[in-house]
Amino acid sequence: MNAVTWSLVLAVFVACIVEMVEATTIVMAMGFTRGWKSAIAGTVVALVALSIFTALAGYALANWLPEAALQLVIGTLLLIFGLQWLRKAIYRSSGRKALHDEEKIYQEEVAAAKAAGESKSGIDMFGFMVSFKGVFLEGLEVVFIVLTFGLSADNIPAAAYGAAAAVVLVLILGIIARKPLSMIPENTLKFGVGLLLTSFGIFWSIEGLGIFRDGSHSLEFPGADLAILYFLALVIVLCWALIKILRKPSASAPPTAPTDPAQAEEVVR
Amino acid sequence: MIKFLKAFGQFWYDFIIGDDWKIAVSVILALAATLGLYKAGVPEPAVTVIGGVLVLIAFVIALVIDIRPRSKKG
């Protein structure tokens with residue numbers, strides 16, 4: 001594998017870990033409170049639905065859209081996802097938003113599950129639906145990342161291997177820990193993935209604007225693929241500056257500041 | 001049926017637009033401005049680089065709008 005393929009696999013792997021941690025937290029909360037039968041059933045049905053969606057969307061994207069249109073559509077989606085992730089990461093690092101806390105999300109899900117009351121049927125519909133929705137929603141974001149990175153790099157298998165490795169890793173960690181995976185520095189990972197999605201998104205969406213010119217050929221950046229790197233550097237500098245500028249004076253000890261050292265390391269200093 | 005369509009639309013809105021519509025709007029506006037520059041005859045290498053910078057400027061504007069102090073009503 002060359003450097004581009006490795007960076008593709010790494011980007012998908014990290015993005016998938018973040019989404020899988022969130023899905024695992026929801027499924028665990030349902031499993032421990034509503035029963036594992038319904039939580040696992042919801043998870044399996046969601047994975048089947050995701051597989052069907054991936055096959056259909058992947059085929060449609062790869063076969064029906066011209067290259068420039070594909071770049072424009074997927075680049076724009078990546079850009080919106082990436083900038084949303086960066087926005088939250090910047091707010092969290094500057095003390096304007098609480099850090100993503102899997103432990104807290106777990107407790108909220110458990111409280112909602114207990115408040116939902118007992119189920120009369122064999123499969124607990126509350127646990128099934130919450131698990132299904134959690135896995136499907138988080139998984140859909142991974143599917144988009146796998147499809148877009150894979151199609152653009154013309155290497156869907158490499159992207160799929162990256163995602164599969166992350167799924168296996170998070171599942172193993174979840175089974176071993178038997179509690180929310182709050183030890184994973186999710187905020188830091190999200191920051192990194194946001195940087196990558198934004199840089200790739202800028203590159204592909206602007207190249208894809210070539211669909212509107214005669215011949216529908218993609219636009220070309222000076223330096224070709226190297227543009228991804230110089231935009232990555234620019235986005236890193238911009239985020240660093242925004243965190244400095246937006247940092248609240250009380251950010252060193254805000255009400256939402258982490259007390260757990262494992263989380264404290266995630267606050268960019 | 002209408003309920004289903006509303007839920008379907010809401011799902012895709014939440015998924016793509018997320019909790020801050022300004023980000024999606026800033027991306028669309030920046031790309032539209034980039035296309036406008038290209039159609040106006042700005043050379044291709046310059047358009048691509050300016051386009052990328054425009055996306056980042058639009059992102060900063062969206063953040064500034066998001067965090068600006070809001071005047072109290074009543």
# chains A, B, ... in the order shown; residues from 1 in each chain; ligands from 1

$ interface_residues --of "chain A" --to "chain B" --cutoff "9 Å" --atoms "only C-alpha atoms" --output "number ranges by chain"
A: 76-77, 79-81, 83-84, 87, 137, 140-141, 199, 202-203, 205-207, 209-210, 212-213, 219-222, 227, 231, 234-235, 238, 242, 246

$ residues_around --residues "stretch 42-51 of chain A" --least-positions-apart "4" --cutoff "9 Å" --atoms "only C-alpha atoms" --output "PyMOL selection string"
chain A and resi 27+37-38+55-56+125+127-137+139-140+143

$ write_last_selection --atoms "C-alpha atoms" --output "PDB file, in the first residue's frame"
ATOM      1  CA  VAL A  27     -26.277  -0.248  22.842  1.00  0.00           C
ATOM      2  CA  LYS A  37     -31.764  -9.737  23.370  1.00  0.00           C
ATOM      3  CA  SER A  38     -33.497  -6.572  22.164  1.00  0.00           C
ATOM      4  CA  ALA A  55     -24.489  -1.390  -1.574  1.00  0.00           C
ATOM      5  CA  LEU A  56     -27.254   0.656  -3.231  1.00  0.00           C
ATOM      6  CA  MET A 125     -39.375  -2.526  21.541  1.00  0.00           C
ATOM      7  CA  GLY A 127     -34.408  -1.270  23.664  1.00  0.00           C
ATOM      8  CA  PHE A 128     -34.695  -2.527  20.067  1.00  0.00           C
ATOM      9  CA  MET A 129     -35.580   0.857  18.559  1.00  0.00           C
ATOM     10  CA  VAL A 130     -33.044   2.899  20.543  1.00  0.00           C
ATOM     11  CA  SER A 131     -30.263   0.417  19.657  1.00  0.00           C
ATOM     12  CA  PHE A 132     -31.353   0.354  16.011  1.00  0.00           C
ATOM     13  CA  LYS A 133     -31.479   4.145  15.764  1.00  0.00           C
ATOM     14  CA  GLY A 134     -28.138   4.596  17.543  1.00  0.00           C
ATOM     15  CA  VAL A 135     -26.265   2.103  15.366  1.00  0.00           C
ATOM     16  CA  PHE A 136     -27.974   3.176  12.121  1.00  0.00           C
ATOM     17  CA  LEU A 137     -27.415   6.907  12.628  1.00  0.00           C
ATOM     18  CA  GLY A 139     -23.144   3.950  11.114  1.00  0.00           C
ATOM     19  CA  LEU A 140     -24.594   6.080   8.325  1.00  0.00           C
ATOM     20  CA  VAL A 143     -20.858   4.689   5.455  1.00  0.00           C
TER      21      VAL A 143
END

$ select_by_dssp --residues "chain B" --states "helix (DSSP H, G or I)" --output "VMD selection string"
chain B and resid 2 to 16 21 to 39 44 to 67

$ atom_distance --atom1 "atom CA of A:Leu70" --atom2 "atom CA of A:Asp225"
16.9 Å

$ residues_around --residues "A:Leu171" --least-positions-apart "3" --cutoff "9 Å" --atoms "only C-alpha atoms" --output "mmCIF file with C-alpha atoms, in the first residue's frame"
data_model
loop_
_atom_site.group_PDB
_atom_site.id
_atom_site.type_symbol
_atom_site.label_atom_id
_atom_site.label_comp_id
_atom_site.auth_asym_id
_atom_site.auth_seq_id
_atom_site.Cartn_x
_atom_site.Cartn_y
_atom_site.Cartn_z
ATOM 1 C CA MET A 20 -18.541 3.272 16.977
ATOM 2 C CA VAL A 21 -17.810 4.495 20.505
ATOM 3 C CA THR A 24 -21.560 1.207 21.593
ATOM 4 C CA ALA A 166 -12.257 0.041 13.900
ATOM 5 C CA VAL A 167 -15.512 -1.893 14.438
ATOM 6 C CA VAL A 168 -13.597 -4.946 15.626
ATOM 7 C CA GLY A 174 -16.471 -2.800 24.775
ATOM 8 C CA ILE A 175 -16.643 -6.499 25.630
ATOM 9 C CA ILE A 176 -13.522 -6.267 27.814
#

$ closest_residue --among "A:Ser93, A:Ser218, A:Gln71, A:Asn187" --to "A:Trp204" --atoms "only C-alpha atoms"
A:Gln71
